[in-house]
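Asker: Next up, input-v7.cif (mmCIF, C-alpha atoms).
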```
data_query
loop_
_atom_site.group_PDB
_atom_site.id
_atom_site.type_symbol
_atom_site.label_atom_id
_atom_site.label_comp_id
_atom_site.auth_asym_id
_atom_site.auth_seq_id
_atom_site.Cartn_x
_atom_site.Cartn_y
_atom_site.Cartn_z
ATOM 1 C CA MET A 1 144.601 -114.733 36.645
ATOM 2 C CA GLU A 2 144.747 -111.053 37.583
ATOM 3 C CA ASP A 3 148.142 -109.802 38.783
ATOM 4 C CA LYS A 4 147.979 -108.750 42.433
ATOM 5 C CA ILE A 5 150.926 -106.323 42.297
ATOM 6 C CA ASN A 6 149.736 -102.955 43.592
ATOM 7 C CA ARG A 7 153.003 -101.536 44.949
ATOM 8 C CA SER A 8 156.113 -100.947 42.854
ATOM 9 C CA GLY A 9 158.980 -98.542 42.510
ATOM 10 C CA PHE A 10 162.493 -97.744 41.390
ATOM 11 C CA VAL A 11 165.008 -98.291 44.193
ATOM 12 C CA ASN A 12 168.293 -96.790 43.073
ATOM 13 C CA ILE A 13 171.621 -97.603 44.731
ATOM 14 C CA ILE A 14 174.303 -94.900 44.741
ATOM 15 C CA GLY A 15 177.579 -94.331 46.572
ATOM 16 C CA ASN A 16 181.325 -93.968 46.202
ATOM 17 C CA PRO A 17 183.499 -96.631 44.531
ATOM 18 C CA ASN A 18 184.304 -99.868 46.381
ATOM 19 C CA VAL A 19 181.672 -99.565 49.124
ATOM 20 C CA GLY A 20 179.805 -102.696 47.983
ATOM 21 C CA LYS A 21 176.919 -101.374 45.873
ATOM 22 C CA SER A 22 177.082 -104.211 43.356
ATOM 23 C CA THR A 23 177.456 -106.855 46.061
ATOM 24 C CA LEU A 24 174.392 -105.390 47.771
ATOM 25 C CA MET A 25 172.255 -105.408 44.642
ATOM 26 C CA ASN A 26 173.268 -108.952 43.750
ATOM 27 C CA ALA A 27 172.339 -110.037 47.290
ATOM 28 C CA LEU A 28 168.952 -108.304 47.119
ATOM 29 C CA VAL A 29 168.102 -109.570 43.631
ATOM 30 C CA GLY A 30 169.456 -113.076 44.193
ATOM 31 C CA GLU A 31 171.326 -113.063 40.888
ATOM 32 C CA LYS A 32 174.817 -111.932 39.910
ATOM 33 C CA LEU A 33 173.790 -109.070 37.627
ATOM 34 C CA SER A 34 176.616 -106.659 38.456
ATOM 35 C CA ILE A 35 180.244 -107.695 38.239
ATOM 36 C CA VAL A 36 182.155 -107.458 41.505
ATOM 37 C CA THR A 37 185.910 -106.961 41.899
ATOM 38 C CA ALA A 38 188.205 -105.292 44.405
ATOM 39 C CA LYS A 39 189.048 -102.558 41.890
ATOM 40 C CA ALA A 40 187.361 -99.149 41.811
ATOM 41 C CA GLN A 41 185.111 -98.192 38.874
ATOM 42 C CA THR A 42 184.076 -101.803 38.280
ATOM 43 C CA THR A 43 180.499 -100.743 37.448
ATOM 44 C CA ARG A 44 180.256 -98.468 34.410
ATOM 45 C CA HIS A 45 176.591 -98.758 33.466
ATOM 46 C CA ARG A 46 173.292 -98.431 35.273
ATOM 47 C CA ILE A 47 172.069 -102.003 35.701
ATOM 48 C CA MET A 48 168.539 -102.906 36.752
ATOM 49 C CA GLY A 49 167.522 -106.001 38.715
ATOM 50 C CA ILE A 50 163.846 -106.750 39.321
ATOM 51 C CA VAL A 51 162.368 -108.495 42.370
ATOM 52 C CA ASN A 52 158.722 -109.562 42.500
ATOM 53 C CA GLY A 53 156.740 -110.455 45.621
ATOM 54 C CA ASP A 54 153.125 -111.525 45.950
ATOM 55 C CA ASP A 55 151.879 -107.946 45.785
ATOM 56 C CA TYR A 56 154.941 -105.814 44.991
ATOM 57 C CA GLN A 57 157.681 -105.239 42.427
ATOM 58 C CA ILE A 58 161.048 -103.628 43.206
ATOM 59 C CA VAL A 59 163.172 -102.334 40.327
ATOM 60 C CA PHE A 60 166.688 -102.026 41.744
ATOM 61 C CA SER A 61 169.377 -100.040 39.933
ATOM 62 C CA ASP A 62 173.097 -100.436 40.492
ATOM 63 C CA THR A 63 175.105 -97.383 39.409
ATOM 64 C CA PRO A 64 178.763 -96.448 38.868
ATOM 65 C CA GLY A 65 180.729 -95.232 41.872
ATOM 66 C CA ILE A 66 180.662 -91.471 42.356
ATOM 67 C CA LEU A 67 183.793 -89.711 41.131
ATOM 68 C CA LYS A 68 185.020 -86.436 39.688
ATOM 69 C CA PRO A 69 185.119 -87.058 35.913
ATOM 70 C CA SER A 70 188.418 -86.773 34.033
ATOM 71 C CA TYR A 71 187.200 -87.744 30.551
ATOM 72 C CA GLU A 72 184.000 -88.322 28.547
ATOM 73 C CA LEU A 73 183.499 -91.931 29.674
ATOM 74 C CA GLN A 74 183.458 -90.846 33.320
ATOM 75 C CA GLU A 75 181.117 -87.951 32.465
ATOM 76 C CA ALA A 76 178.705 -90.504 30.996
ATOM 77 C CA MET A 77 179.053 -92.712 34.075
ATOM 78 C CA MET A 78 178.147 -89.790 36.350
ATOM 79 C CA ASN A 79 175.144 -89.035 34.140
ATOM 80 C CA PHE A 80 173.873 -92.529 35.040
ATOM 81 C CA VAL A 81 174.193 -91.616 38.734
ATOM 82 C CA ASP A 82 172.442 -88.262 38.352
ATOM 83 C CA THR A 83 169.618 -89.843 36.358
ATOM 84 C CA ALA A 84 169.213 -92.513 39.034
ATOM 85 C CA ILE A 85 168.872 -89.830 41.710
ATOM 86 C CA GLY A 86 166.284 -88.003 39.623
ATOM 87 C CA ASP A 87 163.964 -90.916 38.833
ATOM 88 C CA ALA A 88 164.097 -92.830 42.128
ATOM 89 C CA ASP A 89 161.143 -93.707 44.305
ATOM 90 C CA ILE A 90 163.600 -94.724 47.032
ATOM 91 C CA ILE A 91 167.340 -93.979 47.265
ATOM 92 C CA ILE A 92 169.805 -96.323 48.939
ATOM 93 C CA TYR A 93 173.079 -94.541 49.657
ATOM 94 C CA VAL A 94 175.824 -97.062 50.401
ATOM 95 C CA THR A 95 178.833 -96.161 52.508
ATOM 96 C CA ASP A 96 181.120 -98.468 54.464
ATOM 97 C CA VAL A 97 183.074 -98.624 57.715
ATOM 98 C CA TYR A 98 186.259 -97.346 56.058
ATOM 99 C CA GLU A 99 185.414 -94.333 53.932
ATOM 100 C CA SER A 100 185.306 -90.693 54.985
ATOM 101 C CA SER A 101 181.928 -88.965 54.873
ATOM 102 C CA GLU A 102 183.726 -86.020 53.253
ATOM 103 C CA LYS A 103 184.408 -87.983 50.078
ATOM 104 C CA ASN A 104 182.220 -86.497 47.296
ATOM 105 C CA LYS A 105 180.248 -84.735 50.031
ATOM 106 C CA GLU A 106 178.120 -82.857 47.504
ATOM 107 C CA TYR A 107 176.214 -86.086 46.886
ATOM 108 C CA VAL A 108 175.631 -86.586 50.613
ATOM 109 C CA ASP A 109 174.246 -83.032 50.715
ATOM 110 C CA LYS A 110 171.899 -83.882 47.835
ATOM 111 C CA LEU A 111 170.303 -86.612 49.939
ATOM 112 C CA ASN A 112 168.853 -83.996 52.290
ATOM 113 C CA LEU A 113 167.177 -82.203 49.380
ATOM 114 C CA LEU A 114 165.333 -85.243 48.041
ATOM 115 C CA SER A 115 161.592 -85.658 48.531
ATOM 116 C CA VAL A 116 161.766 -89.464 48.273
ATOM 117 C CA PRO A 117 162.742 -91.812 51.149
ATOM 118 C CA VAL A 118 166.474 -92.287 51.710
ATOM 119 C CA ILE A 119 168.146 -95.274 53.370
ATOM 120 C CA VAL A 120 171.839 -95.017 54.253
ATOM 121 C CA VAL A 121 173.460 -98.451 54.330
ATOM 122 C CA VAL A 122 176.664 -98.656 56.360
ATOM 123 C CA ASN A 123 178.223 -101.686 54.707
ATOM 124 C CA LYS A 124 181.029 -104.090 55.662
ATOM 125 C CA ILE A 125 180.206 -104.122 59.367
ATOM 126 C CA ASP A 126 181.657 -107.651 59.480
ATOM 127 C CA LYS A 127 185.054 -105.883 59.356
ATOM 128 C CA ILE A 128 184.438 -103.953 62.584
ATOM 129 C CA GLU A 129 185.983 -105.359 65.761
ATOM 130 C CA GLU A 130 184.710 -102.710 68.196
ATOM 131 C CA PRO A 131 180.908 -102.249 68.433
ATOM 132 C CA LYS A 132 181.503 -98.722 69.729
ATOM 133 C CA LYS A 133 182.925 -97.702 66.353
ATOM 134 C CA LEU A 134 179.755 -98.856 64.601
ATOM 135 C CA ASP A 135 177.605 -96.867 67.033
ATOM 136 C CA GLU A 136 179.706 -93.795 66.278
ATOM 137 C CA LEU A 137 179.317 -94.305 62.532
ATOM 138 C CA VAL A 138 175.539 -94.660 62.792
ATOM 139 C CA GLU A 139 175.318 -91.469 64.879
ATOM 140 C CA LYS A 140 177.531 -89.633 62.418
ATOM 141 C CA TRP A 141 175.324 -90.559 59.471
ATOM 142 C CA HIS A 142 172.213 -89.644 61.466
ATOM 143 C CA SER A 143 173.670 -86.167 61.869
ATOM 144 C CA LEU A 144 174.686 -85.902 58.198
ATOM 145 C CA VAL A 145 171.372 -87.125 56.757
ATOM 146 C CA PRO A 146 168.712 -86.605 59.461
ATOM 147 C CA LYS A 147 165.832 -87.625 57.189
ATOM 148 C CA ALA A 148 167.385 -91.011 56.354
ATOM 149 C CA GLU A 149 167.088 -94.351 58.057
ATOM 150 C CA ILE A 150 170.584 -95.664 58.861
ATOM 151 C CA LEU A 151 171.037 -99.423 58.498
ATOM 152 C CA PRO A 152 174.288 -101.237 59.370
ATOM 153 C CA MET A 153 174.845 -104.184 57.055
ATOM 154 C CA SER A 154 177.189 -106.726 55.539
ATOM 155 C CA ALA A 155 176.167 -107.265 51.923
ATOM 156 C CA LEU A 156 178.836 -109.947 51.579
ATOM 157 C CA THR A 157 177.387 -112.117 54.361
ATOM 158 C CA LYS A 158 173.821 -110.862 53.708
ATOM 159 C CA PHE A 159 173.535 -109.675 57.312
ATOM 160 C CA ASN A 160 170.479 -107.366 57.585
ATOM 161 C CA THR A 161 169.602 -107.623 53.870
ATOM 162 C CA ASP A 162 166.227 -109.091 54.867
ATOM 163 C CA ILE A 163 165.562 -106.068 57.087
ATOM 164 C CA LEU A 164 166.479 -103.746 54.218
ATOM 165 C CA LEU A 165 164.189 -105.604 51.823
ATOM 166 C CA ASN A 166 161.250 -105.414 54.228
ATOM 167 C CA LYS A 167 161.866 -101.703 54.748
ATOM 168 C CA ILE A 168 161.906 -101.095 51.000
ATOM 169 C CA VAL A 169 158.628 -102.973 50.523
ATOM 170 C CA SER A 170 156.995 -100.830 53.222
ATOM 171 C CA LEU A 171 158.072 -97.647 51.398
ATOM 172 C CA LEU A 172 156.991 -98.607 47.867
ATOM 173 C CA PRO A 173 154.433 -96.300 46.210
ATOM 174 C CA GLN A 174 150.957 -97.597 45.433
ATOM 175 C CA GLN A 175 151.177 -98.225 41.689
ATOM 176 C CA PRO A 176 151.083 -101.175 39.271
ATOM 177 C CA ALA A 177 154.152 -103.131 38.158
ATOM 178 C CA TRP A 178 156.510 -101.589 35.617
ATOM 179 C CA TYR A 179 157.682 -104.910 34.176
ATOM 180 C CA ASP A 180 156.244 -108.368 33.539
ATOM 181 C CA ARG A 181 156.884 -110.925 36.256
ATOM 182 C CA ASP A 182 159.178 -113.012 34.036
ATOM 183 C CA VAL A 183 161.596 -110.083 33.486
ATOM 184 C CA PHE A 184 164.513 -109.926 35.944
ATOM 185 C CA THR A 185 166.686 -107.232 34.333
ATOM 186 C CA ASP A 186 166.623 -104.578 31.613
ATOM 187 C CA LYS A 187 169.863 -105.867 30.050
ATOM 188 C CA ASN A 188 170.177 -108.468 27.276
ATOM 189 C CA LEU A 189 172.462 -111.489 27.020
ATOM 190 C CA ARG A 190 175.019 -109.562 24.938
ATOM 191 C CA PHE A 191 175.451 -107.103 27.799
ATOM 192 C CA PHE A 192 176.081 -109.841 30.362
ATOM 193 C CA ALA A 193 178.553 -111.571 28.038
ATOM 194 C CA SER A 194 180.524 -108.321 27.707
ATOM 195 C CA GLU A 195 180.419 -107.664 31.465
ATOM 196 C CA ILE A 196 181.608 -111.168 32.324
ATOM 197 C CA LEU A 197 184.592 -110.777 29.987
ATOM 198 C CA ARG A 198 185.305 -107.300 31.402
ATOM 199 C CA GLU A 199 185.209 -108.746 34.926
ATOM 200 C CA LYS A 200 187.915 -111.257 33.982
ATOM 201 C CA ILE A 201 190.030 -108.436 32.555
ATOM 202 C CA LEU A 202 189.666 -106.549 35.842
ATOM 203 C CA GLU A 203 190.716 -109.643 37.769
ATOM 204 C CA ASN A 204 193.713 -110.561 35.597
ATOM 205 C CA TYR A 205 195.375 -107.263 34.696
ATOM 206 C CA THR A 206 196.759 -104.454 36.836
ATOM 207 C CA LYS A 207 197.461 -100.723 36.705
ATOM 208 C CA GLU A 208 195.722 -98.840 33.900
ATOM 209 C CA ILE A 209 194.831 -101.828 31.716
ATOM 210 C CA PRO A 210 191.272 -102.487 33.042
ATOM 211 C CA TYR A 211 190.382 -98.784 32.806
ATOM 212 C CA CYS A 212 191.558 -98.484 29.210
ATOM 213 C CA THR A 213 189.550 -101.449 27.911
ATOM 214 C CA GLU A 214 186.009 -101.757 26.616
ATOM 215 C CA VAL A 215 184.423 -105.042 25.566
ATOM 216 C CA VAL A 216 182.068 -105.156 22.602
ATOM 217 C CA ILE A 217 180.122 -108.250 21.570
ATOM 218 C CA GLU A 218 180.268 -108.231 17.770
ATOM 219 C CA SER A 219 178.327 -111.455 17.258
ATOM 220 C CA PHE A 220 175.986 -113.443 19.500
ATOM 221 C CA GLN A 221 174.384 -116.467 17.861
ATOM 222 C CA GLU A 222 172.315 -119.189 19.465
ATOM 223 C CA THR A 223 171.893 -122.799 18.400
ATOM 224 C CA GLU A 224 170.229 -125.657 20.279
ATOM 225 C CA GLU A 225 173.618 -126.746 21.627
ATOM 226 C CA LEU A 226 175.427 -123.482 22.441
ATOM 227 C CA TYR A 227 175.912 -119.726 22.232
ATOM 228 C CA SER A 228 178.568 -118.705 19.716
ATOM 229 C CA ILE A 229 180.045 -115.355 20.774
ATOM 230 C CA GLU A 230 182.621 -113.094 19.131
ATOM 231 C CA ALA A 231 183.989 -110.327 21.364
ATOM 232 C CA VAL A 232 186.354 -107.420 20.744
ATOM 233 C CA ILE A 233 188.483 -105.966 23.531
ATOM 234 C CA ASN A 234 189.212 -102.319 22.721
ATOM 235 C CA VAL A 235 192.375 -100.820 24.215
ATOM 236 C CA VAL A 236 193.901 -97.350 24.011
ATOM 237 C CA ARG A 237 197.511 -98.165 23.085
ATOM 238 C CA GLU A 238 199.399 -100.779 21.089
ATOM 239 C CA SER A 239 201.453 -101.702 24.169
ATOM 240 C CA GLN A 240 198.213 -102.521 26.030
ATOM 241 C CA LYS A 241 197.207 -104.861 23.216
ATOM 242 C CA GLY A 242 200.447 -106.778 23.762
ATOM 243 C CA ILE A 243 199.805 -107.029 27.509
ATOM 244 C CA ILE A 244 196.214 -108.228 26.991
ATOM 245 C CA ILE A 245 197.377 -110.949 24.568
ATOM 246 C CA GLY A 246 200.485 -111.920 26.548
ATOM 247 C CA LYS A 247 203.410 -114.091 25.511
ATOM 248 C CA LYS A 248 202.288 -116.527 22.803
ATOM 249 C CA GLY A 249 198.679 -115.531 23.581
ATOM 250 C CA ALA A 250 198.755 -117.076 27.053
ATOM 251 C CA ALA A 251 197.165 -114.159 28.933
ATOM 252 C CA LEU A 252 194.269 -113.803 26.504
ATOM 253 C CA LYS A 253 193.720 -117.565 26.510
ATOM 254 C CA ARG A 254 193.522 -117.572 30.317
ATOM 255 C CA VAL A 255 191.019 -114.703 30.382
ATOM 256 C CA GLY A 256 188.963 -116.270 27.610
ATOM 257 C CA THR A 257 188.775 -119.616 29.402
ATOM 258 C CA GLN A 258 187.686 -117.978 32.657
ATOM 259 C CA ALA A 259 185.081 -115.845 30.860
ATOM 260 C CA ARG A 260 183.698 -118.794 28.891
ATOM 261 C CA LYS A 261 183.241 -120.878 32.049
ATOM 262 C CA GLU A 262 181.527 -117.978 33.827
ATOM 263 C CA MET A 263 179.250 -117.399 30.825
ATOM 264 C CA GLU A 264 178.301 -121.071 30.719
ATOM 265 C CA ASN A 265 177.420 -120.920 34.399
ATOM 266 C CA PHE A 266 175.374 -117.733 33.953
ATOM 267 C CA PHE A 267 173.621 -118.731 30.703
ATOM 268 C CA GLU A 268 173.277 -122.400 31.700
ATOM 269 C CA LYS A 269 174.383 -123.370 28.214
ATOM 270 C CA LYS A 270 177.618 -124.229 26.396
ATOM 271 C CA VAL A 271 179.535 -121.241 25.004
ATOM 272 C CA PHE A 272 182.008 -120.948 22.141
ATOM 273 C CA LEU A 273 183.936 -117.703 22.714
ATOM 274 C CA LYS A 274 186.248 -116.030 20.232
ATOM 275 C CA ILE A 275 188.102 -112.871 21.305
ATOM 276 C CA PHE A 276 189.882 -110.208 19.252
ATOM 277 C CA VAL A 277 191.900 -107.228 20.552
ATOM 278 C CA LYS A 278 191.699 -103.833 18.825
ATOM 279 C CA VAL A 279 193.509 -100.529 19.412
ATOM 280 C CA ASP A 280 191.091 -97.583 19.587
ATOM 281 C CA PRO A 281 193.101 -94.645 21.018
ATOM 282 C CA SER A 282 190.224 -92.236 21.662
ATOM 283 C CA TRP A 283 187.300 -94.460 22.653
ATOM 284 C CA ARG A 284 187.046 -92.981 26.178
ATOM 285 C CA GLU A 285 186.752 -89.452 24.743
ATOM 286 C CA ASN A 286 184.820 -90.124 21.534
ATOM 287 C CA LYS A 287 181.093 -89.469 22.027
ATOM 288 C CA LYS A 288 180.220 -91.434 18.888
ATOM 289 C CA GLU A 289 182.066 -94.473 20.225
ATOM 290 C CA LEU A 290 180.595 -94.045 23.703
ATOM 291 C CA LYS A 291 177.135 -94.002 22.161
ATOM 292 C CA ARG A 292 177.931 -97.214 20.266
ATOM 293 C CA PHE A 293 179.104 -98.784 23.523
ATOM 294 C CA GLY A 294 175.874 -97.820 25.304
ATOM 295 C CA TYR A 295 177.147 -95.023 27.558
ATOM 296 C CA ILE A 296 175.305 -92.199 25.805
ATOM 297 C CA GLN A 297 171.679 -92.363 24.659
#
```
For the structure just supplied, provide its representation as structure tokens.
Answerer:
Amino acid sequence: MEDKINRSGFVNIIGNPNVGKSTLMNALVGEKLSIVTAKAQTTRHRIMGIVNGDDYQIVFSDTPGILKPSYELQEAMMNFVDTAIGDADIIIYVTDVYESSEKNKEYVDKLNLLSVPVIVVVNKIDKIEEPKKLDELVEKWHSLVPKAEILPMSALTKFNTDILLNKIVSLLPQQPAWYDRDVFTDKNLRFFASEILREKILENYTKEIPYCTEVVIESFQETEELYSIEAVINVVRESQKGIIIGKKGAALKRVGTQARKEMENFFEKKVFLKIFVKVDPSWRENKKELKRFGYIQ
């Protein structure tokens, strides 16, 4: 049977940290592809999620939060954002009801220079008590990005996500699908295993620990009964290794149990997870290591 898809495009989601970009993409795709925590810089990679309709295909991209880079890892993260701006058919810029429009304003200014459609999503409107404040925010963003459509939304409650999806479909270019219908992301199972474990690190440790760790899946083997996974948590200092492991290994055991259960839910299969912790002092600055970890092509 001939595929009827005749409209498709790359819809790339950008914005500052903690505005709800990952929550929005997960809501639009209908799968938890991007990890979501209350901490900034949760997303480090560009992650694609693919939605197919009867006659269209949308390739969403979640991207790291915009920041001013302090080291090579953050430089690589911002390269993902800049690439997403450059290859988009539609840009979704996510802000929220809390943040200042002056934060990383150079990226807001870039929106006015783009030739592709721009949608500004004002997220977290479920947190607003006075409707007048929302009206003021919408007017403000209309003045900042006159070419954009401004859409108030709550990604968490999925309020107005259907309106956003319909708007995106109406803006898609006339072109065939980029991916087969049975593909829902560009990432493999190893990637999702590493992200699930990294999410549990973000949830269980404070201060600098989550930002000094990188998870690498060293082995991923499948049998009929289960996935057998060996993961390495890289940290910057020996003291961080001790914190990750915890007294008598209790902290690492807790994180491993949470990650294994989440993996089993995501993969819909039993998981045997073995975790090691390694000190790698320069991984955030080492381009060779960053390439091995998938941050540099």
Asker: I'd like the residues picked by the PyMOL selection byres ((chain A and resi 214-222) around 6) written out as an mmCIF file with C-alpha atoms, in the coordinates of the input, using the chain letters and numbers from the file.
Answerer:
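Written out: expr.cif:
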```
data_model
loop_
_atom_site.group_PDB
_atom_site.id
_atom_site.type_symbol
_atom_site.label_atom_id
_atom_site.label_comp_id
_atom_site.auth_asym_id
_atom_site.auth_seq_id
_atom_site.Cartn_x
_atom_site.Cartn_y
_atom_site.Cartn_z
ATOM 1 C CA SER A 194 180.524 -108.321 27.707
ATOM 2 C CA THR A 213 189.550 -101.449 27.911
ATOM 3 C CA THR A 223 171.893 -122.799 18.400
ATOM 4 C CA TYR A 227 175.912 -119.726 22.232
ATOM 5 C CA SER A 228 178.568 -118.705 19.716
ATOM 6 C CA ILE A 229 180.045 -115.355 20.774
ATOM 7 C CA GLU A 230 182.621 -113.094 19.131
ATOM 8 C CA ALA A 231 183.989 -110.327 21.364
ATOM 9 C CA VAL A 232 186.354 -107.420 20.744
ATOM 10 C CA ILE A 233 188.483 -105.966 23.531
ATOM 11 C CA ASN A 234 189.212 -102.319 22.721
#
```
Asker: Please identify all polymer residues within 9 Å of region 262-269 of chain A, counting only C-alpha atoms, omitting same-chain residues fewer than 6 positions from it, and present them as number ranges by chain.
Answerer: A: 32, 189, 192-193, 196-197, 225-227
Asker: Find the residues of region 168-214 of chain A that sit at most 6 Å from region 49-71 of chain A; for each, write down the nearest two atoms and how far apart they are in Å, to one decimal. Count only C-alpha atoms. Sort by chain, then by number going up, and give it as CSV.
Answerer:
```
residue,atom,partner,partner_atom,distance
A:Ala177,CA,A:Gln57,CA,5.9
A:Phe184,CA,A:Ile50,CA,4.7
A:Thr185,CA,A:Gly49,CA,4.6
```
Asker: What's the 9 Å shell around region 241-252 of chain A, counting all atoms listed in the file, without same-chain residues fewer than 4 positions away, as an MDAnalysis selection string?
Answerer: chainID A and resid 201 204:205 209 233:237 256:257 275 277:279
Asker: Each residue of region 12-97 of chain A lying at most 10 Å from region 137-154 of chain A should get a row with its shortest atom-to-atom pair and the distance in Å to one decimal, counting all atoms listed in the file; could you produce that, ordered by chain and increasing number, as a Markdown table?
Answerer:
```
| residue | atom | partner | partner_atom | distance |
| --- | --- | --- | --- | --- |
| A:Gly20 | CA | A:Ser154 | CA | 9.0 |
| A:Thr23 | CA | A:Ser154 | CA | 9.5 |
| A:Leu24 | CA | A:Ser154 | CA | 8.4 |
| A:Ile91 | CA | A:Ala148 | CA | 9.6 |
| A:Ile92 | CA | A:Ala148 | CA | 9.4 |
| A:Tyr93 | CA | A:Ala148 | CA | 9.5 |
| A:Val94 | CA | A:Leu151 | CA | 9.7 |
| A:Thr95 | CA | A:Trp141 | CA | 9.6 |
| A:Asp96 | CA | A:Pro152 | CA | 8.9 |
| A:Val97 | CA | A:Leu137 | CA | 7.5 |
```
Asker: Would you mind reading off the distance between CA of Ser100 (chain A) and CA of Leu73 (chain A), one decimal, in Å?
Answerer: 25.4 Å
Asker: Give the padded box for region 240-252 of chain A as AutoDock Vina command-line options: axis-aligned, covering all atoms listed in the file, 3 Å on each side, centre and edge lengths in Å to one decimal.
Answerer:
```
--center_x 198.8 --center_y -109.8 --center_z 25.9 --size_x 15.1 --size_y 20.6 --size_z 12.1
```
Asker: Tell me which residues the PyMOL selection byres ((chain A and resi 113-115) around 10) grabs here, as a list in words.
Answerer: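 Written out, the selection comes to Ile85, Gly86, Ala88, Asp89, Ile90, Ile91, Val108, Asp109, Lys110, Leu111, Asn112, Val116, Pro117, Val118, Val145 and Lys147 of chain A.
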Asker: A:Ile119, A:Val19, A:Leu33, A:Ala76: which is nearest Leu165 (chain A), counting only C-alpha atoms?
Answerer: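 Among the listed residues, A:Ile119 lies closest to Leu165 (chain A).
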Asker: Apply the PyMOL selection byres ((chain A and resi 5-7) around 6) to the file shown and report the selected residues as a PDB file with C-alpha atoms, in the frame of the given file.
Answerer:
```pdb
ATOM      1  CA  ASP A   3     148.142-109.802  38.783  1.00  0.00           C
ATOM      2  CA  LYS A   4     147.979-108.750  42.433  1.00  0.00           C
ATOM      3  CA  SER A   8     156.113-100.947  42.854  1.00  0.00           C
ATOM      4  CA  ASP A  55     151.879-107.946  45.785  1.00  0.00           C
ATOM      5  CA  TYR A  56     154.941-105.814  44.991  1.00  0.00           C
ATOM      6  CA  LEU A 172     156.991 -98.607  47.867  1.00  0.00           C
ATOM      7  CA  PRO A 173     154.433 -96.300  46.210  1.00  0.00           C
ATOM      8  CA  GLN A 174     150.957 -97.597  45.433  1.00  0.00           C
ATOM      9  CA  GLN A 175     151.177 -98.225  41.689  1.00  0.00           C
ATOM     10  CA  PRO A 176     151.083-101.175  39.271  1.00  0.00           C
TER      11      PRO A 176
END
```
Asker: For the atom pair CA of Lys124 (chain A) and CA of Lys21 (chain A), what is the interatomic distance in Å to one decimal place?
Answerer: 11.0 Å
Asker: How would region 236-249 of chain A read, as a compact mmCIF listing (two decimals), keeping the file's coordinate frame, once N, CA and C atoms are built in?
Answerer:
```txt
# COMPACT_ATOMS: atom_id res chain seq x y z
N VAL A 236 193.53 -98.70 24.43
CA VAL A 236 193.90 -97.35 24.01
C VAL A 236 195.24 -97.33 23.27
N ARG A 237 196.17 -98.19 23.68
CA ARG A 237 197.51 -98.16 23.08
C ARG A 237 197.95 -99.55 22.61
N GLU A 238 198.87 -99.54 21.65
CA GLU A 238 199.40 -100.78 21.09
C GLU A 238 200.08 -101.62 22.16
N SER A 239 200.77 -100.96 23.10
CA SER A 239 201.45 -101.70 24.17
C SER A 239 200.45 -102.45 25.05
N GLN A 240 199.25 -101.86 25.23
CA GLN A 240 198.21 -102.52 26.03
C GLN A 240 197.69 -103.76 25.31
N LYS A 241 197.63 -103.69 24.00
CA LYS A 241 197.21 -104.86 23.22
C LYS A 241 198.15 -106.02 23.47
N GLY A 242 199.46 -105.73 23.50
CA GLY A 242 200.45 -106.78 23.76
C GLY A 242 200.30 -107.38 25.15
N ILE A 243 199.98 -106.54 26.14
CA ILE A 243 199.80 -107.03 27.51
C ILE A 243 198.55 -107.90 27.60
N ILE A 244 197.46 -107.46 26.97
CA ILE A 244 196.21 -108.23 26.99
C ILE A 244 196.43 -109.62 26.39
N ILE A 245 197.16 -109.67 25.26
CA ILE A 245 197.38 -110.95 24.57
C ILE A 245 198.38 -111.81 25.33
N GLY A 246 199.47 -111.19 25.81
CA GLY A 246 200.48 -111.92 26.55
C GLY A 246 201.41 -112.73 25.65
N LYS A 247 202.43 -113.31 26.26
CA LYS A 247 203.41 -114.09 25.51
C LYS A 247 202.76 -115.32 24.90
N LYS A 248 202.87 -115.43 23.58
CA LYS A 248 202.29 -116.53 22.80
C LYS A 248 200.77 -116.66 23.04
N GLY A 249 200.14 -115.54 23.40
CA GLY A 249 198.68 -115.53 23.58
C GLY A 249 198.20 -116.12 24.89
```
